[in-house]
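Structure data follow from final-v3.csv (CSV, C-alpha atoms):
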```csv
chain,number,residue,atom,x,y,z
A,1,MET,CA,-84.1,50.4,-39.1
A,2,SER,CA,-87.5,49.3,-40.6
A,3,SER,CA,-90.6,49.2,-38.5
A,4,ALA,CA,-90.6,45.4,-38.7
A,5,LEU,CA,-87.2,45.3,-37.2
A,6,TRP,CA,-88.3,47.7,-34.5
A,7,LEU,CA,-91.1,45.3,-33.7
A,8,ALA,CA,-88.6,42.5,-33.5
A,9,VAL,CA,-86.5,44.6,-31.0
A,10,LEU,CA,-89.6,45.3,-28.9
A,11,ALA,CA,-90.7,41.6,-29.0
A,12,SER,CA,-87.2,40.5,-27.9
A,13,ALA,CA,-87.2,43.2,-25.1
A,14,LEU,CA,-90.6,42.3,-23.8
A,15,GLY,CA,-89.9,38.6,-24.0
A,16,THR,CA,-86.6,38.9,-22.1
A,17,TYR,CA,-88.3,41.0,-19.5
A,18,LEU,CA,-91.1,38.5,-19.0
A,19,ILE,CA,-88.5,35.7,-18.7
A,20,ARG,CA,-87.0,37.6,-15.8
A,21,VAL,CA,-90.2,38.8,-14.1
A,22,LEU,CA,-92.8,36.1,-14.4
A,23,PRO,CA,-90.8,33.5,-12.3
A,24,LEU,CA,-90.6,36.2,-9.6
A,25,LEU,CA,-94.3,36.7,-9.5
A,26,TRP,CA,-94.9,32.9,-9.4
A,27,MET,CA,-92.4,32.5,-6.6
A,28,ARG,CA,-93.8,35.4,-4.6
A,29,ARG,CA,-97.3,33.9,-4.8
A,30,ARG,CA,-95.9,30.6,-3.7
A,31,LEU,CA,-94.1,32.1,-0.7
A,32,ARG,CA,-97.2,34.0,0.3
A,33,ARG,CA,-99.2,30.8,0.1
A,34,LEU,CA,-96.7,28.9,2.2
A,35,GLY,CA,-96.5,31.6,4.9
A,36,GLU,CA,-94.2,34.3,6.1
A,37,ASP,CA,-92.0,32.3,8.6
A,38,ASP,CA,-90.1,29.9,6.4
A,39,GLN,CA,-89.4,31.9,3.2
A,40,VAL,CA,-86.1,30.2,2.4
A,41,ASP,CA,-87.4,26.7,3.3
A,42,ALA,CA,-90.4,27.4,1.1
A,43,MET,CA,-88.2,27.5,-2.0
A,44,PRO,CA,-88.2,24.2,-3.9
A,45,GLN,CA,-84.9,22.4,-3.1
A,46,TRP,CA,-83.9,22.0,-6.7
A,47,LEU,CA,-84.2,25.8,-7.2
A,48,GLY,CA,-82.0,26.5,-4.2
A,49,ILE,CA,-79.4,24.1,-5.5
A,50,LEU,CA,-79.5,25.5,-9.1
A,51,GLY,CA,-78.8,29.1,-7.9
A,52,PRO,CA,-75.1,28.6,-6.8
A,53,LEU,CA,-74.5,26.2,-9.6
A,54,MET,CA,-75.6,28.8,-12.2
A,55,ILE,CA,-73.0,31.1,-10.7
A,56,ALA,CA,-70.4,28.3,-11.0
A,57,ALA,CA,-71.4,27.8,-14.6
A,58,LEU,CA,-71.0,31.5,-15.3
A,59,LEU,CA,-67.5,31.3,-13.7
A,60,GLY,CA,-66.6,28.3,-16.0
A,61,VAL,CA,-67.8,30.1,-19.1
A,62,SER,CA,-66.0,33.4,-18.3
A,63,LEU,CA,-62.8,31.6,-17.3
A,64,VAL,CA,-62.2,30.6,-21.0
A,65,PRO,CA,-60.2,33.5,-22.6
A,66,ARG,CA,-61.7,35.1,-25.7
A,67,HIS,CA,-58.5,34.1,-27.6
A,68,PRO,CA,-57.5,30.9,-25.8
A,69,ASP,CA,-53.7,30.8,-26.5
A,70,ALA,CA,-51.0,29.8,-24.1
A,71,SER,CA,-50.3,33.3,-22.8
A,72,ALA,CA,-54.1,33.9,-22.1
A,73,TRP,CA,-54.4,30.6,-20.2
A,74,LEU,CA,-51.2,31.3,-18.2
A,75,ALA,CA,-52.6,34.8,-17.3
A,76,THR,CA,-55.9,33.2,-16.4
A,77,ALA,CA,-54.2,30.6,-14.1
A,78,VAL,CA,-52.1,33.2,-12.3
A,79,GLY,CA,-54.9,35.7,-12.1
A,80,VAL,CA,-57.2,33.1,-10.5
A,81,ALA,CA,-54.4,32.1,-8.0
A,82,ILE,CA,-53.9,35.7,-7.0
A,83,THR,CA,-57.7,36.4,-6.8
A,84,LEU,CA,-58.0,33.4,-4.5
A,85,LEU,CA,-55.0,34.4,-2.3
A,86,VAL,CA,-56.3,37.9,-1.8
A,87,TRP,CA,-59.9,36.6,-1.1
A,88,TYR,CA,-58.5,34.2,1.6
A,89,ARG,CA,-56.8,37.2,3.3
A,90,LYS,CA,-59.5,39.9,2.8
A,91,ARG,CA,-62.8,38.0,2.4
A,92,SER,CA,-64.1,41.0,0.5
A,93,LEU,CA,-65.3,41.6,-3.1
A,94,GLY,CA,-63.3,44.5,-4.5
A,95,TRP,CA,-59.7,43.8,-3.5
A,96,PRO,CA,-59.5,40.2,-4.9
A,97,VAL,CA,-61.1,41.3,-8.2
A,98,ALA,CA,-58.7,44.3,-8.6
A,99,ALA,CA,-55.7,42.2,-7.7
A,100,GLY,CA,-56.8,39.5,-10.1
A,101,VAL,CA,-57.3,41.9,-13.0
A,102,ALA,CA,-54.0,43.6,-12.3
A,103,THR,CA,-52.1,40.3,-12.2
A,104,TYR,CA,-53.8,39.1,-15.4
A,105,GLY,CA,-52.7,42.3,-17.1
A,106,VAL,CA,-49.1,42.1,-15.9
A,107,VAL,CA,-48.8,38.5,-17.1
A,108,ILE,CA,-50.3,39.4,-20.5
A,109,VAL,CA,-47.8,42.3,-20.9
A,110,LEU,CA,-44.8,40.2,-19.6
A,111,VAL,CA,-45.5,37.3,-21.9
A,112,GLY,CA,-46.1,39.6,-24.9
A,113,MET,CA,-42.7,41.3,-24.4
B,1,MET,CA,-87.7,60.1,10.7
B,2,THR,CA,-87.1,61.4,7.2
B,3,THR,CA,-83.6,62.6,8.2
B,4,ARG,CA,-82.8,59.0,9.1
B,5,THR,CA,-84.4,57.3,6.2
B,6,HIS,CA,-82.8,59.2,3.4
B,7,PRO,CA,-79.1,58.8,4.4
B,8,LEU,CA,-79.8,55.1,5.0
B,9,ARG,CA,-81.3,54.7,1.5
B,10,ALA,CA,-78.5,56.7,-0.1
B,11,THR,CA,-75.9,54.6,1.7
B,12,SER,CA,-77.5,51.4,0.5
B,13,TRP,CA,-77.7,52.7,-3.1
B,14,LEU,CA,-74.0,53.7,-2.9
B,15,THR,CA,-73.0,50.4,-1.4
B,16,GLY,CA,-74.8,48.6,-4.2
B,17,MET,CA,-73.0,50.8,-6.8
B,18,ARG,CA,-69.6,50.3,-5.1
B,19,GLU,CA,-70.0,46.5,-5.0
B,20,ALA,CA,-71.2,46.4,-8.6
B,21,THR,CA,-68.1,48.3,-9.8
B,22,PRO,CA,-66.2,45.1,-10.7
B,23,LEU,CA,-68.9,44.3,-13.2
B,24,LEU,CA,-67.9,47.4,-15.2
B,25,GLY,CA,-64.6,45.7,-16.1
B,26,GLY,CA,-66.6,43.0,-17.9
B,27,TYR,CA,-69.5,45.1,-19.2
B,28,ILE,CA,-67.9,48.1,-20.7
B,29,PRO,CA,-65.4,46.3,-23.1
B,30,VAL,CA,-68.2,44.0,-24.3
B,31,ALA,CA,-70.6,46.8,-24.7
B,32,ILE,CA,-68.1,48.8,-26.7
B,33,SER,CA,-67.6,45.7,-29.0
B,34,PHE,CA,-71.4,45.5,-29.3
B,35,GLY,CA,-71.7,49.1,-30.3
B,36,LEU,CA,-68.9,48.8,-32.8
B,37,ILE,CA,-70.3,45.6,-34.4
B,38,ALA,CA,-73.8,47.1,-34.6
B,39,ILE,CA,-72.4,50.1,-36.6
B,40,GLN,CA,-70.4,47.8,-38.9
B,41,THR,CA,-73.6,45.7,-39.6
B,42,GLY,CA,-75.6,48.8,-40.6
B,43,PHE,CA,-77.3,50.0,-37.4
B,44,THR,CA,-77.0,53.6,-36.3
B,45,ALA,CA,-75.5,54.6,-33.0
B,46,TRP,CA,-79.0,55.4,-31.5
B,47,GLU,CA,-80.5,52.2,-32.7
B,48,ALA,CA,-77.6,50.2,-31.1
B,49,THR,CA,-78.0,52.1,-27.9
B,50,LEU,CA,-81.8,51.6,-27.8
B,51,ILE,CA,-81.3,47.9,-28.3
B,52,SER,CA,-79.0,47.9,-25.2
B,53,VAL,CA,-81.6,50.0,-23.3
B,54,LEU,CA,-84.5,47.7,-24.1
B,55,VAL,CA,-83.2,44.2,-24.5
B,56,TYR,CA,-80.2,44.5,-22.1
B,57,ALA,CA,-78.9,40.9,-22.5
B,58,GLY,CA,-75.3,40.7,-23.9
B,59,ALA,CA,-75.1,37.5,-25.9
B,60,SER,CA,-78.6,37.7,-27.4
B,61,GLN,CA,-78.0,41.2,-28.6
B,62,PHE,CA,-75.0,40.1,-30.6
B,63,LEU,CA,-77.1,37.3,-32.0
B,64,PHE,CA,-79.9,39.7,-32.8
B,65,ILE,CA,-77.9,42.1,-34.9
B,66,GLY,CA,-75.9,39.3,-36.5
B,67,MET,CA,-79.1,37.4,-37.7
B,68,ALA,CA,-81.0,40.6,-38.6
B,69,ALA,CA,-78.0,41.8,-40.7
B,70,ALA,CA,-77.8,38.4,-42.4
B,71,GLY,CA,-81.5,38.7,-43.4
B,72,ALA,CA,-82.9,35.9,-41.2
B,73,PRO,CA,-86.7,35.8,-40.7
B,74,LEU,CA,-87.5,38.2,-37.9
B,75,TRP,CA,-89.6,35.6,-36.0
B,76,LEU,CA,-86.5,33.4,-36.0
B,77,VAL,CA,-84.4,36.3,-34.7
B,78,VAL,CA,-86.8,36.9,-31.8
B,79,ALA,CA,-87.1,33.2,-31.1
B,80,MET,CA,-83.3,32.6,-30.9
B,81,THR,CA,-82.9,35.8,-28.8
B,82,LEU,CA,-85.4,34.5,-26.3
B,83,LEU,CA,-84.0,31.0,-26.3
B,84,ILE,CA,-80.6,32.3,-25.3
B,85,ASN,CA,-82.2,34.3,-22.4
B,86,VAL,CA,-84.4,31.5,-21.2
B,87,ARG,CA,-81.8,30.5,-18.6
B,88,HIS,CA,-82.8,33.7,-16.7
B,89,VAL,CA,-86.0,32.0,-15.5
B,90,VAL,CA,-84.3,30.5,-12.4
B,91,TYR,CA,-82.7,33.8,-11.3
B,92,ALA,CA,-85.6,35.8,-9.8
B,93,PRO,CA,-87.1,32.8,-7.8
B,94,ASN,CA,-83.7,32.3,-6.2
B,95,LEU,CA,-83.7,35.9,-5.0
B,96,ALA,CA,-87.4,36.0,-4.0
B,97,PRO,CA,-87.0,34.9,-0.3
B,98,TRP,CA,-84.8,38.0,0.3
B,99,LEU,CA,-86.9,40.5,-1.6
B,100,THR,CA,-89.1,42.9,0.4
B,101,ALA,CA,-92.7,43.6,-0.2
B,102,SER,CA,-92.0,46.7,-2.3
B,103,ARG,CA,-93.9,47.0,-5.6
B,104,TYR,CA,-90.7,48.2,-7.4
B,105,TRP,CA,-89.1,44.8,-7.5
B,106,PRO,CA,-91.0,43.5,-10.6
B,107,TRP,CA,-89.8,46.6,-12.5
B,108,LEU,CA,-86.2,46.1,-11.3
B,109,MET,CA,-86.1,42.6,-12.8
B,110,HIS,CA,-85.3,44.2,-16.1
B,111,GLY,CA,-81.8,44.6,-14.7
B,112,LEU,CA,-81.5,41.0,-13.6
B,113,THR,CA,-78.6,39.9,-15.8
B,114,ASP,CA,-76.3,36.9,-15.1
B,115,GLN,CA,-73.8,39.1,-13.3
B,116,VAL,CA,-76.3,41.1,-11.3
B,117,PHE,CA,-78.0,37.8,-10.2
B,118,ALA,CA,-74.6,36.3,-9.1
B,119,LEU,CA,-73.9,39.4,-7.1
B,120,ALA,CA,-77.4,39.8,-5.6
B,121,HIS,CA,-77.6,36.1,-4.8
B,122,SER,CA,-74.5,36.4,-2.6
B,123,ARG,CA,-75.2,39.8,-1.1
B,124,LEU,CA,-78.9,40.2,-0.5
B,125,PRO,CA,-79.1,37.5,2.3
B,126,GLN,CA,-76.3,39.3,4.1
B,127,LEU,CA,-78.0,42.7,4.1
B,128,PRO,CA,-80.6,44.0,6.5
B,129,GLU,CA,-84.1,44.0,5.0
B,130,HIS,CA,-84.4,47.8,4.8
B,131,GLN,CA,-81.2,48.1,2.7
B,132,ARG,CA,-82.0,45.4,0.1
B,133,LEU,CA,-84.1,47.5,-2.3
B,134,GLY,CA,-81.6,50.4,-2.3
B,135,TRP,CA,-78.6,48.1,-2.7
B,136,TYR,CA,-80.1,46.2,-5.6
B,137,THR,CA,-81.3,49.4,-7.3
B,138,GLY,CA,-77.8,50.9,-7.1
B,139,ALA,CA,-76.1,47.8,-8.3
B,140,ALA,CA,-78.5,47.1,-11.2
B,141,LEU,CA,-78.7,50.7,-12.4
B,142,LEU,CA,-74.9,51.1,-12.4
B,143,ALA,CA,-74.6,47.9,-14.5
B,144,TRP,CA,-77.4,48.9,-16.9
B,145,ALA,CA,-76.0,52.5,-17.3
B,146,SER,CA,-72.5,51.1,-18.0
B,147,TRP,CA,-73.9,48.7,-20.6
B,148,ILE,CA,-75.8,51.6,-22.3
B,149,ALA,CA,-72.8,54.0,-22.1
B,150,GLY,CA,-70.4,51.4,-23.4
B,151,THR,CA,-72.7,50.7,-26.4
B,152,LEU,CA,-72.9,54.3,-27.3
B,153,LEU,CA,-69.2,54.8,-26.8
B,154,GLY,CA,-68.5,51.7,-29.0
B,155,ALA,CA,-70.9,52.9,-31.7
B,156,VAL,CA,-69.4,56.5,-31.8
B,157,ALA,CA,-65.7,55.8,-31.1
B,158,GLY,CA,-65.2,52.1,-31.0
B,159,ASP,CA,-62.7,51.9,-33.8
B,160,TRP,CA,-60.5,54.6,-32.3
B,161,LEU,CA,-60.7,53.1,-28.8
B,162,MET,CA,-59.7,49.7,-30.0
B,163,ALA,CA,-56.8,51.1,-31.8
B,164,GLN,CA,-55.7,53.3,-28.9
B,165,TRP,CA,-56.0,50.8,-26.0
B,166,PRO,CA,-56.1,47.2,-27.5
B,167,LEU,CA,-54.7,45.8,-24.2
B,168,LEU,CA,-57.5,47.3,-22.1
B,169,GLY,CA,-60.1,45.4,-24.0
B,170,GLU,CA,-58.2,42.2,-23.5
B,171,VAL,CA,-57.4,42.6,-19.7
B,172,MET,CA,-60.6,44.2,-18.2
B,173,PRO,CA,-62.9,41.3,-19.0
B,174,PHE,CA,-61.0,39.2,-16.5
B,175,ALA,CA,-62.9,41.2,-13.8
B,176,LEU,CA,-65.9,38.9,-14.5
B,177,PRO,CA,-64.3,35.5,-13.8
B,178,ALA,CA,-62.5,37.1,-10.8
B,179,LEU,CA,-65.8,38.3,-9.5
B,180,PHE,CA,-67.6,35.0,-10.1
B,181,LEU,CA,-64.8,33.2,-8.4
B,182,VAL,CA,-65.1,35.4,-5.3
B,183,LEU,CA,-68.9,34.9,-5.3
B,184,VAL,CA,-68.6,31.1,-5.7
B,185,MET,CA,-65.9,30.4,-3.1
B,186,PRO,CA,-68.1,30.7,0.0
B,187,ARG,CA,-70.2,27.9,-1.5
B,188,PHE,CA,-67.5,25.4,-1.1
B,189,THR,CA,-68.9,24.3,2.3
B,190,SER,CA,-68.7,20.5,2.0
B,191,ARG,CA,-67.3,17.8,-0.2
B,192,ARG,CA,-70.7,17.4,-1.8
B,193,TRP,CA,-71.0,21.0,-2.8
B,194,SER,CA,-67.3,21.2,-3.8
B,195,LEU,CA,-67.7,18.2,-6.2
B,196,ALA,CA,-70.9,19.6,-7.7
B,197,LEU,CA,-69.4,23.1,-8.1
B,198,CYS,CA,-66.1,21.8,-9.7
B,199,LEU,CA,-68.0,19.6,-12.1
B,200,THR,CA,-70.2,22.6,-13.1
B,201,ILE,CA,-67.2,24.8,-13.7
B,202,VAL,CA,-65.3,22.2,-15.8
B,203,THR,CA,-68.5,21.3,-17.8
B,204,ALA,CA,-69.1,25.0,-18.5
B,205,MET,CA,-65.5,25.5,-19.7
B,206,ILE,CA,-65.7,22.4,-22.0
B,207,CYS,CA,-69.0,23.7,-23.5
B,208,THR,CA,-67.4,27.1,-24.0
B,209,LEU,CA,-64.3,25.7,-25.7
B,210,ALA,CA,-66.7,23.6,-27.9
B,211,GLY,CA,-68.5,26.9,-28.9
B,212,LEU,CA,-71.6,26.2,-26.9
B,213,THR,CA,-71.3,29.1,-24.4
B,214,ASN,CA,-75.0,29.9,-23.9
B,215,LEU,CA,-76.2,26.3,-23.9
B,216,GLY,CA,-73.2,25.6,-21.6
B,217,ILE,CA,-74.5,27.6,-18.7
B,218,PRO,CA,-77.8,25.7,-18.0
B,219,LEU,CA,-76.3,22.4,-19.1
B,220,ALA,CA,-73.3,22.7,-16.7
B,221,ALA,CA,-75.6,23.7,-13.9
B,222,LEU,CA,-77.8,20.7,-14.6
B,223,CYS,CA,-74.8,18.4,-14.6
B,224,GLY,CA,-73.7,19.9,-11.2
B,225,ALA,CA,-77.2,19.4,-9.8
B,226,LEU,CA,-77.3,15.8,-10.9
B,227,CYS,CA,-74.0,15.2,-9.3
B,228,PHE,CA,-75.3,16.9,-6.1
B,229,TYR,CA,-78.2,14.5,-5.9
B,230,LEU,CA,-76.2,11.4,-6.7
B,231,VAL,CA,-73.5,12.2,-4.1
B,232,LYS,CA,-76.2,12.7,-1.5
B,233,PHE,CA,-77.4,9.1,-2.2
B,234,ASP,CA,-73.9,7.8,-1.8
B,235,SER,CA,-73.2,9.7,1.4
B,236,ARG,CA,-76.4,8.4,3.0
B,237,GLN,CA,-75.2,4.8,2.4
B,238,THR,CA,-71.9,5.5,4.1
B,239,GLY,CA,-73.6,7.5,6.8
B,240,GLY,CA,-71.7,10.7,6.1
B,241,SER,CA,-73.0,14.2,6.4
B,242,HIS,CA,-73.4,16.2,3.2
B,243,GLU,CA,-73.5,19.7,4.5
```
When written as C-alpha cells, how does the structure in this file appear?
Amino acid sequence: MSSALWLAVLASALGTYLIRVLPLLWMRRRLRRLGEDDQVDAMPQWLGILGPLMIAALLGVSLVPRHPDASAWLATAVGVAITLLVWYRKRSLGWPVAAGVATYGVVIVLVGM
Amino acid sequence: MTTRTHPLRATSWLTGMREATPLLGGYIPVAISFGLIAIQTGFTAWEATLISVLVYAGASQFLFIGMAAAGAPLWLVVAMTLLINVRHVVYAPNLAPWLTASRYWPWLMHGLTDQVFALAHSRLPQLPEHQRLGWYTGAALLAWASWIAGTLLGAVAGDWLMAQWPLLGEVMPFALPALFLVLVMPRFTSRRWSLALCLTIVTAMICTLAGLTNLGIPLAALCGALCFYLVKFDSRQTGGSHE
C-alpha cells in the first residue's frame, strides 16, 4: 500500500473517530452548563427522540436479507416472530436472539431441501 | 476496598461482553467478507486488518477499499468514507446523560458503532453508575476484537471458510435484526411512539431495497421523528396523551 493510501486510511480513521467523539464533548459541556440534577432533561428533545428511531432504522436496514428471495423473506418473517415470542416470555437479550437465529437457520435449511 | 472494587469491575466487564455476544453473529461473517474482498482487491492481510483496527466502520471500509482499488482520487475516497459515517454524530450525545465522569469515555468512543450504540442506549440507563464504564468497555472491546479477528480470518482463510460453511455466513447475520428487534421493542410504549417506530422501520427497509442502505438510516429516522412531532400535534387537538 502506498504512503498516499496510508494517509487516506489515517484521515478516514481520524475523521470517523472525531465524528464519534466531538458530539460527546459538546454534549458533556452542555450538561455541565445546565447542572447536575437534570442530565436526561438537559438533552435536547429532538436528540432524545432520534436515539430510539436510529435503532429502529438499523432494525429496518438489517431486516432486508442480503439475497432477498422468497425463502430468505420467509425465514426472516418466521425468525422475527419467534424472536418476539421468546422476548415476550423471557424479557432478556440472549435467548430471543439465539432462538431467532436458530429458527432462521432451520427455515433456510428446510426451504432449501 | 480494593477487594470489593476489582470483582465488581470484572463482573461489569464480563456482563458487557456477555450481552455483546449476539453482535458477533453479525460482525464476524461481515468482517470475514471484508477481509476476503480486501485480499481480492490487492490489499495484504495486515493492511486489511489495520484498516479494521483504525477505521472500524463496516460499510465505509467496503467503500474505501472498493474506491481505492478502482483508482478513485484519495480525497474523494476519504470524503465518501466520512459521509457514510456522519450518522454517528447523534450516538454519543444520546449516551452522554448516562456516562460517568471518567476521562476514559472519549477514548472509548472509537468503539461506538451502530450496534454498540443500540446496545448501550438500552442498557446503560438500567445499570448502576459504577458498572457503566466496565460494562461499555467489555461490550465495545469484544465487538472491536471480533471485527479485527474476523477481518484477519477472512483475509487469511476467507475462501476456504466460505466453501466449507456457506450456510453459516447466510444464517449468522440474522443475529443483528434479532438483537435490534429486542432493543426496539421496549420503546413501543404508546401509539405515538409505535407509529413513529413502524414508519422508521418500513422507510429503512424501502431505502435498503432501493440500494440506499447508508442514506436510509438517517433518512428513515428523520421520517420517524417528523411523524412523532406531527402526531403530537394531532393528539393535543383530541386531548389524548402521547406517552
Neighbours of chain B in chain A at 6 Å, counting all atoms listed in the file, as number ranges by chain: A: 12-13, 17, 19-21, 23-24, 27, 39-40, 53-57, 59-63, 97, 101, 105
Atomic separation - CA of Ala81 in chain A relative to CA of Pro96 in chain A, Å: 10.1 Å
Gap from CA of Val30 in chain B to CA of Ala59 in chain B - Å, one decimal: 9.6 Å
Selection near range 13-16 of chain B, 8 Å with all atoms listed in the file, sequence-local residues under 6 positions removed, as an MDAnalysis selection string: chainID B and resid 134:139
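Take the candidates B:Leu133, B:Ala145, B:Gly169, B:Ala120 and check each one against Pro65 in chain A using all atoms listed in the file; the shortest distance goes to B:Gly169.
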d(CA of Val156 in chain B, CA of Trp46 in chain B) in Å: 9.7 Å
Answer as a PyMOL selection string, residues within 12 Å of (-49.2, 37.6, -15.5) using only C-alpha atoms: (chain A and resi 70-82+99-113) or (chain B and resi 171+174)
